[in-house]
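Report on the following structure.
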Amino acid sequence: MKKKGLAPGGISWKLHVIVVSLTLTIVVCMLPFLSLHRFSPSHYSQIPSSRRSLHSNWDSITLHEGQPNPKVAFLFLARLHLPLDFVWKCFFQNADTANYSIYIHSEPGFVFNESTTRSRFFHDRQLKNSIKVGWGEASMIGAERLLLKEALKDSANTRFVLLSESCIPLYNFSYIYTYLTASPRSFVDSFLDKKERRYNPNMALYIPMSKWRKGSQWITLIRKHAEVVADDDVIFPVFKMFCKKRYNCIPDEHYVQTLLAMHDSDGELECRTITYTEWNQSASNMDKNSWHPMTFSYADAGPDKIKRIKDIDNVYYDTEYRTEWCHNNSTLVPCFLFARKFSRGAAMHLLSGGVISQFDASALMDPTP
């Protein structure tokens, strides 16, 4: 049987297409990278002069020479796959692998490989001992503890960032890495729970009411505090028994905050989260139980919105009548490094507009796992 030959110029034509495609991809990736500096935290022209004295040059926050680079452990809580893996692929693309590690808690038995994720960075990063997780149940903090235990096995991990499947980074890797490793504190949204009365008196034998705290689930811990959470065998069982939805108690909004308060670690925290959440506050202020996090769609995830999030430098806690200014080693900094909850369309909007990270255009053409 006679084989058909290649058409004249067939090979060179294919090479030409490949070269053009790669060139376009590089250009699309570089434009977002350059635009990151447009909103760099070193440019705060809108900050009142009365507060500029709180700022030092952001570039001065550096690691000490001669010390090995600490690693940041990125801990993903996922229901199944990671729908925004194409964002994180761009985020990790040019990062030094010696500076980070990745861990994923997903559905038991789910494997991250070339058929379930677009990003090689997530291949085989799932926990082998994951558990079934229910919203508003102690299993959620059980999953967090499993992630921390696994990440603590690597002695180089010194910062532990808990992220959801709908989180996006607001800055490039270099900026986020420097921000986290420059601070000797954990970032834990923690405040006194004076209004919602979620404290169960049955806890009193183990958790005095004075130590009861509330805050965002999305925490970033230094190694010392990660060990406290992972090693806890006293407070976690109490939460499993007495902090339940039927008691209007959501474990993941209280556990880490209360546990660290029990260890008198309040003074070692920046009492704020670094993950932005937009709350639907259409209900009256008296009916806060009906508040829920808003999901960003393509239409409401434009550059102006992201800039407004990046410009936030303080958080007000109405239960304590307290304003928390966002500092890092006495430097006033943007409050948020990440944001949630973003749909795939919203993330594509931000990336294609060059707002948050480098972007490989081919990711848009890949089928969803």
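Each chain of the structure tokens is named A, B, ... in the order shown, its residues numbered from 1; ligands are numbered from 1 in display order.
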Go through stretch 148-168 of chain A residue by residue and, counting only C-alpha atoms, keep those with an atom at most 10 Å from stretch 74-78 of chain A; for each kept residue give the shortest atom pair and its distance in Å to one decimal, ordered by chain and increasing number, as JSON lines.
{"residue": "A:Leu148", "atom": "CA", "partner": "A:Leu75", "partner_atom": "CA", "distance": 7.8}
{"residue": "A:Glu150", "atom": "CA", "partner": "A:Leu75", "partner_atom": "CA", "distance": 9.8}
{"residue": "A:Ala151", "atom": "CA", "partner": "A:Leu75", "partner_atom": "CA", "distance": 8.2}
{"residue": "A:Asn157", "atom": "CA", "partner": "A:Phe74", "partner_atom": "CA", "distance": 9.8}
{"residue": "A:Arg159", "atom": "CA", "partner": "A:Phe74", "partner_atom": "CA", "distance": 8.5}
{"residue": "A:Phe160", "atom": "CA", "partner": "A:Phe74", "partner_atom": "CA", "distance": 6.2}
{"residue": "A:Val161", "atom": "CA", "partner": "A:Phe74", "partner_atom": "CA", "distance": 5.1}
{"residue": "A:Leu162", "atom": "CA", "partner": "A:Leu75", "partner_atom": "CA", "distance": 4.8}
{"residue": "A:Leu163", "atom": "CA", "partner": "A:Phe76", "partner_atom": "CA", "distance": 4.9}
{"residue": "A:Ser164", "atom": "CA", "partner": "A:Leu77", "partner_atom": "CA", "distance": 5.0}
{"residue": "A:Glu165", "atom": "CA", "partner": "A:Ala78", "partner_atom": "CA", "distance": 5.1}
{"residue": "A:Ser166", "atom": "CA", "partner": "A:Ala78", "partner_atom": "CA", "distance": 8.7}
{"residue": "A:Cys167", "atom": "CA", "partner": "A:Phe76", "partner_atom": "CA", "distance": 9.2}
Could you write out that same residue set with all heavy atoms as a CSV table (one decimal), in the first residue's frame?
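Saved as out.csv:
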chain,number,residue,atom,x,y,z
A,148,LEU,N,-3.0,20.8,57.4
A,148,LEU,CA,-1.8,21.3,58.2
A,148,LEU,C,-0.9,20.2,58.6
A,148,LEU,O,0.3,20.4,58.5
A,148,LEU,CB,-2.4,22.1,59.4
A,148,LEU,CG,-3.1,23.4,59.1
A,148,LEU,CD1,-3.8,23.9,60.4
A,148,LEU,CD2,-2.0,24.4,58.7
A,150,GLU,N,-0.2,17.4,57.1
A,150,GLU,CA,0.5,17.0,55.9
A,150,GLU,C,1.6,18.1,55.6
A,150,GLU,O,2.8,17.7,55.3
A,150,GLU,CB,-0.4,16.8,54.7
A,150,GLU,CG,0.3,16.2,53.5
A,150,GLU,CD,0.8,14.8,53.8
A,150,GLU,OE1,0.2,14.1,54.6
A,150,GLU,OE2,1.8,14.3,53.1
A,151,ALA,N,1.2,19.3,55.6
A,151,ALA,CA,2.2,20.4,55.2
A,151,ALA,C,3.3,20.5,56.3
A,151,ALA,O,4.5,20.9,55.9
A,151,ALA,CB,1.5,21.7,55.1
A,157,ASN,N,8.4,24.4,55.3
A,157,ASN,CA,7.2,25.2,55.2
A,157,ASN,C,7.1,26.0,56.5
A,157,ASN,O,7.1,25.5,57.6
A,157,ASN,CB,6.0,24.3,55.1
A,157,ASN,CG,5.8,23.7,53.8
A,157,ASN,OD1,6.2,24.2,52.8
A,157,ASN,ND2,5.2,22.5,53.7
A,159,ARG,N,5.0,29.2,56.4
A,159,ARG,CA,3.7,29.9,56.3
A,159,ARG,C,2.7,29.0,55.7
A,159,ARG,O,3.0,28.2,54.7
A,159,ARG,CB,3.8,31.2,55.5
A,159,ARG,CG,4.9,32.2,56.0
A,159,ARG,CD,4.6,32.7,57.4
A,159,ARG,NE,5.5,33.8,57.7
A,159,ARG,CZ,6.8,33.6,58.2
A,159,ARG,NH1,7.2,32.3,58.3
A,159,ARG,NH2,7.5,34.6,58.5
A,160,PHE,N,1.4,29.0,56.2
A,160,PHE,CA,0.4,28.0,55.8
A,160,PHE,C,-0.9,28.8,55.4
A,160,PHE,O,-1.5,29.4,56.3
A,160,PHE,CB,0.1,27.0,56.9
A,160,PHE,CG,1.4,26.3,57.3
A,160,PHE,CD1,2.3,26.9,58.2
A,160,PHE,CD2,1.6,25.0,56.8
A,160,PHE,CE1,3.4,26.2,58.6
A,160,PHE,CE2,2.8,24.3,57.2
A,160,PHE,CZ,3.7,24.9,58.1
A,161,VAL,N,-1.2,28.8,54.1
A,161,VAL,CA,-2.3,29.7,53.6
A,161,VAL,C,-3.5,28.8,53.3
A,161,VAL,O,-3.3,27.9,52.4
A,161,VAL,CB,-1.9,30.5,52.4
A,161,VAL,CG1,-3.0,31.4,52.0
A,161,VAL,CG2,-0.6,31.3,52.7
A,162,LEU,N,-4.6,29.0,53.9
A,162,LEU,CA,-5.8,28.2,53.6
A,162,LEU,C,-6.6,28.9,52.5
A,162,LEU,O,-7.0,30.1,52.7
A,162,LEU,CB,-6.7,28.0,54.8
A,162,LEU,CG,-7.9,27.0,54.7
A,162,LEU,CD1,-7.4,25.6,54.4
A,162,LEU,CD2,-8.7,27.0,56.0
A,163,LEU,N,-6.9,28.2,51.4
A,163,LEU,CA,-7.6,28.8,50.3
A,163,LEU,C,-8.8,27.9,49.9
A,163,LEU,O,-8.7,26.7,50.0
A,163,LEU,CB,-6.7,28.9,49.1
A,163,LEU,CG,-5.5,29.8,49.3
A,163,LEU,CD1,-4.4,29.6,48.3
A,163,LEU,CD2,-5.9,31.3,49.3
A,164,SER,N,-9.8,28.5,49.3
A,164,SER,CA,-11.0,27.7,48.8
A,164,SER,C,-10.8,27.5,47.3
A,164,SER,O,-9.9,28.1,46.7
A,164,SER,CB,-12.3,28.5,49.0
A,164,SER,OG,-12.5,29.5,48.1
A,165,GLU,N,-11.6,26.7,46.7
A,165,GLU,CA,-11.5,26.4,45.3
A,165,GLU,C,-11.9,27.6,44.5
A,165,GLU,O,-11.7,27.6,43.3
A,165,GLU,CB,-12.5,25.2,45.0
A,165,GLU,CG,-13.9,25.5,45.3
A,165,GLU,CD,-14.8,24.3,45.1
A,165,GLU,OE1,-14.4,23.2,45.4
A,165,GLU,OE2,-16.0,24.5,44.7
A,166,SER,N,-12.6,28.6,45.1
A,166,SER,CA,-13.0,29.8,44.3
A,166,SER,C,-12.2,31.0,44.6
A,166,SER,O,-12.5,32.1,44.2
A,166,SER,CB,-14.5,30.1,44.7
A,166,SER,OG,-14.6,30.5,46.0
A,167,CYS,N,-11.0,30.8,45.2
A,167,CYS,CA,-10.1,31.9,45.5
A,167,CYS,C,-9.2,32.2,44.3
A,167,CYS,O,-8.8,31.4,43.5
A,167,CYS,CB,-9.2,31.6,46.6
A,167,CYS,SG,-9.9,31.8,48.3
Exercise for the section: Please provide as a list in words all residues within 7 Å of stretch 302-312 of chain A, with the sequence filter that same-chain residues fewer than 2 positions apart are discarded (counting only C-alpha atoms). Expected result: Asp300, Asn314, Pro334, Cys335, Phe336, His349, Leu350 and Val355 of chain A
Practice task
Run DSSP on the backbone and give me the residues of stretch 62-289 of chain A it puts in alpha helix (DSSP H), as a ChimeraX atom specification.
Solution key: /A:85-92,138-151,173-182,223-231,235-242,255-262
Practice task
Between atom CA of A:Val238 and atom CA of A:Ser130, measure the distance and give it in Å to one decimal.
Solution key: 21.4 Å
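Minimum atom-to-atom distance to A:Thr258, evaluated using only C-alpha atoms, belongs to A:Arg213 out of A:His81, A:Arg213, A:Lys245, A:Arg185.
Proximity to A:Leu205 at 12 Å, evaluated using only C-alpha atoms and with sequence-adjacent residues fewer than 6 positions away removed, yields Val234, Ile235, Val238 and Phe242 of chain A.
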For the residues in the current selection, export N, CA, C and O atoms as an mmCIF file, in the first residue's frame.
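Saved to again-v3.cif:
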data_model
loop_
_atom_site.group_PDB
_atom_site.id
_atom_site.type_symbol
_atom_site.label_atom_id
_atom_site.label_comp_id
_atom_site.auth_asym_id
_atom_site.auth_seq_id
_atom_site.Cartn_x
_atom_site.Cartn_y
_atom_site.Cartn_z
ATOM 1 N N VAL A 234 -7.773 18.408 72.357
ATOM 2 C CA VAL A 234 -8.672 18.774 73.449
ATOM 3 C C VAL A 234 -9.851 19.614 72.941
ATOM 4 O O VAL A 234 -11.017 19.272 73.158
ATOM 5 N N ILE A 235 -9.571 20.700 72.253
ATOM 6 C CA ILE A 235 -10.623 21.630 71.826
ATOM 7 C C ILE A 235 -11.398 21.085 70.630
ATOM 8 O O ILE A 235 -12.624 21.273 70.536
ATOM 9 N N VAL A 238 -14.319 18.944 71.562
ATOM 10 C CA VAL A 238 -15.376 19.764 72.160
ATOM 11 C C VAL A 238 -16.208 20.420 71.060
ATOM 12 O O VAL A 238 -17.443 20.465 71.135
ATOM 13 N N PHE A 242 -20.223 20.049 70.611
ATOM 14 C CA PHE A 242 -21.121 21.132 71.019
ATOM 15 C C PHE A 242 -21.278 22.281 70.025
ATOM 16 O O PHE A 242 -22.156 23.131 70.212
#
Exercise for the section: From the DSSP assignment of the backbone, select every residue of stretch 70-253 of chain A that is strand (DSSP E or B), and format the answer as a PyMOL selection string. Expected result: chain A and resi 71-77+100-105+126+157-164+168-169+186-187+191-192+213-214+220-222
Using N, CA, C and O atoms, can you export the residues from the last selection as a compact mmCIF listing (two decimals), in the first residue's frame?
# COMPACT_ATOMS: atom_id res chain seq x y z
N LYS A 71 9.40 28.40 52.91
CA LYS A 71 8.40 28.02 51.92
C LYS A 71 7.01 28.41 52.40
O LYS A 71 6.71 28.36 53.60
N VAL A 72 6.17 28.78 51.47
CA VAL A 72 4.77 29.05 51.75
C VAL A 72 3.97 27.84 51.28
O VAL A 72 4.07 27.43 50.12
N ALA A 73 3.21 27.26 52.19
CA ALA A 73 2.36 26.11 51.86
C ALA A 73 0.98 26.61 51.48
O ALA A 73 0.31 27.26 52.29
N PHE A 74 0.55 26.33 50.26
CA PHE A 74 -0.78 26.71 49.79
C PHE A 74 -1.71 25.51 49.98
O PHE A 74 -1.50 24.45 49.39
N LEU A 75 -2.70 25.69 50.85
CA LEU A 75 -3.59 24.60 51.26
C LEU A 75 -4.97 24.84 50.65
O LEU A 75 -5.69 25.75 51.05
N PHE A 76 -5.35 24.00 49.71
CA PHE A 76 -6.62 24.18 49.00
C PHE A 76 -7.69 23.24 49.54
O PHE A 76 -7.47 22.02 49.62
N LEU A 77 -8.83 23.83 49.91
CA LEU A 77 -10.01 23.05 50.29
C LEU A 77 -10.94 23.01 49.09
O LEU A 77 -11.48 24.04 48.67
N TYR A 100 7.70 27.34 47.58
CA TYR A 100 6.30 27.02 47.87
C TYR A 100 6.06 25.52 47.80
O TYR A 100 6.85 24.75 47.25
N SER A 101 4.94 25.12 48.37
CA SER A 101 4.45 23.75 48.26
C SER A 101 2.93 23.81 48.17
O SER A 101 2.30 24.80 48.58
N ILE A 102 2.32 22.76 47.63
CA ILE A 102 0.88 22.75 47.38
C ILE A 102 0.27 21.47 47.96
O ILE A 102 0.81 20.37 47.78
N TYR A 103 -0.88 21.64 48.62
CA TYR A 103 -1.62 20.51 49.19
C TYR A 103 -3.10 20.74 48.92
O TYR A 103 -3.59 21.86 49.01
N ILE A 104 -3.80 19.67 48.59
CA ILE A 104 -5.22 19.78 48.26
C ILE A 104 -6.03 18.76 49.05
O ILE A 104 -5.69 17.56 49.05
N HIS A 105 -7.07 19.23 49.71
CA HIS A 105 -8.04 18.31 50.31
C HIS A 105 -9.26 18.31 49.41
O HIS A 105 -9.90 19.34 49.20
N GLN A 126 -3.05 15.91 45.96
CA GLN A 126 -4.18 15.64 46.84
C GLN A 126 -3.75 14.79 48.04
O GLN A 126 -2.82 13.99 47.96
N ASN A 157 8.42 24.41 55.26
CA ASN A 157 7.17 25.19 55.24
C ASN A 157 7.07 26.03 56.51
O ASN A 157 7.05 25.49 57.62
N THR A 158 6.99 27.35 56.35
CA THR A 158 6.91 28.23 57.51
C THR A 158 5.65 29.08 57.52
O THR A 158 5.31 29.66 58.55
N ARG A 159 4.95 29.19 56.39
CA ARG A 159 3.67 29.90 56.31
C ARG A 159 2.66 28.96 55.68
O ARG A 159 2.98 28.25 54.72
N PHE A 160 1.43 28.99 56.19
CA PHE A 160 0.40 28.04 55.76
C PHE A 160 -0.86 28.82 55.42
O PHE A 160 -1.51 29.39 56.31
N VAL A 161 -1.19 28.85 54.13
CA VAL A 161 -2.30 29.67 53.64
C VAL A 161 -3.47 28.77 53.25
O VAL A 161 -3.33 27.91 52.37
N LEU A 162 -4.61 28.96 53.90
CA LEU A 162 -5.81 28.18 53.59
C LEU A 162 -6.62 28.90 52.51
O LEU A 162 -6.98 30.07 52.68
N LEU A 163 -6.94 28.18 51.44
CA LEU A 163 -7.64 28.77 50.29
C LEU A 163 -8.80 27.88 49.87
O LEU A 163 -8.74 26.66 50.01
N SER A 164 -9.83 28.50 49.31
CA SER A 164 -10.96 27.73 48.79
C SER A 164 -10.77 27.50 47.30
O SER A 164 -9.90 28.11 46.66
N ILE A 168 -8.90 33.53 44.15
CA ILE A 168 -7.92 33.99 43.17
C ILE A 168 -6.86 34.81 43.88
O ILE A 168 -7.13 35.44 44.91
N PRO A 169 -5.62 34.83 43.36
CA PRO A 169 -4.61 35.75 43.90
C PRO A 169 -4.81 37.14 43.29
O PRO A 169 -5.17 37.26 42.13
N SER A 186 0.78 35.44 62.43
CA SER A 186 -0.27 34.79 61.65
C SER A 186 -1.34 35.83 61.31
O SER A 186 -1.55 36.78 62.05
N PHE A 187 -2.00 35.60 60.19
CA PHE A 187 -3.13 36.45 59.79
C PHE A 187 -4.42 35.66 60.06
O PHE A 187 -4.77 34.75 59.31
N PHE A 191 -12.20 38.04 66.49
CA PHE A 191 -12.84 39.10 67.29
C PHE A 191 -13.82 38.48 68.27
O PHE A 191 -14.20 37.31 68.16
N LEU A 192 -14.21 39.26 69.26
CA LEU A 192 -15.15 38.79 70.27
C LEU A 192 -16.54 38.63 69.67
O LEU A 192 -17.01 39.52 68.95
N ARG A 213 -14.02 33.11 70.39
CA ARG A 213 -13.73 34.05 69.32
C ARG A 213 -14.48 33.65 68.05
O ARG A 213 -14.90 32.50 67.88
N LYS A 214 -14.60 34.61 67.16
CA LYS A 214 -15.20 34.37 65.85
C LYS A 214 -14.33 35.02 64.78
O LYS A 214 -13.56 35.94 65.07
N THR A 220 -4.09 32.39 57.61
CA THR A 220 -2.69 32.17 57.23
C THR A 220 -1.89 32.08 58.52
O THR A 220 -1.87 33.03 59.31
N LEU A 221 -1.24 30.94 58.73
CA LEU A 221 -0.58 30.68 60.00
C LEU A 221 0.93 30.58 59.85
O LEU A 221 1.44 30.08 58.85
N ILE A 222 1.64 31.06 60.88
CA ILE A 222 3.06 30.75 61.00
C ILE A 222 3.18 29.32 61.51
O ILE A 222 2.20 28.72 61.96
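Shortest atom-to-atom contact with A:Leu147 among A:Ala230, A:Ile176, A:Val333, A:Ala301: A:Ala230, counting only C-alpha atoms.
Closest to A:His327 among A:Ser155, A:Ser183, A:Ser190, A:Gln217 is A:Ser183, based on only C-alpha atoms.
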Problem - Selection: 9 Å around A:Asp231, only C-alpha atoms, excl. self and same-chain fewer than 5 positions, as a ChimeraX atom specification - result: /A:145,149,226
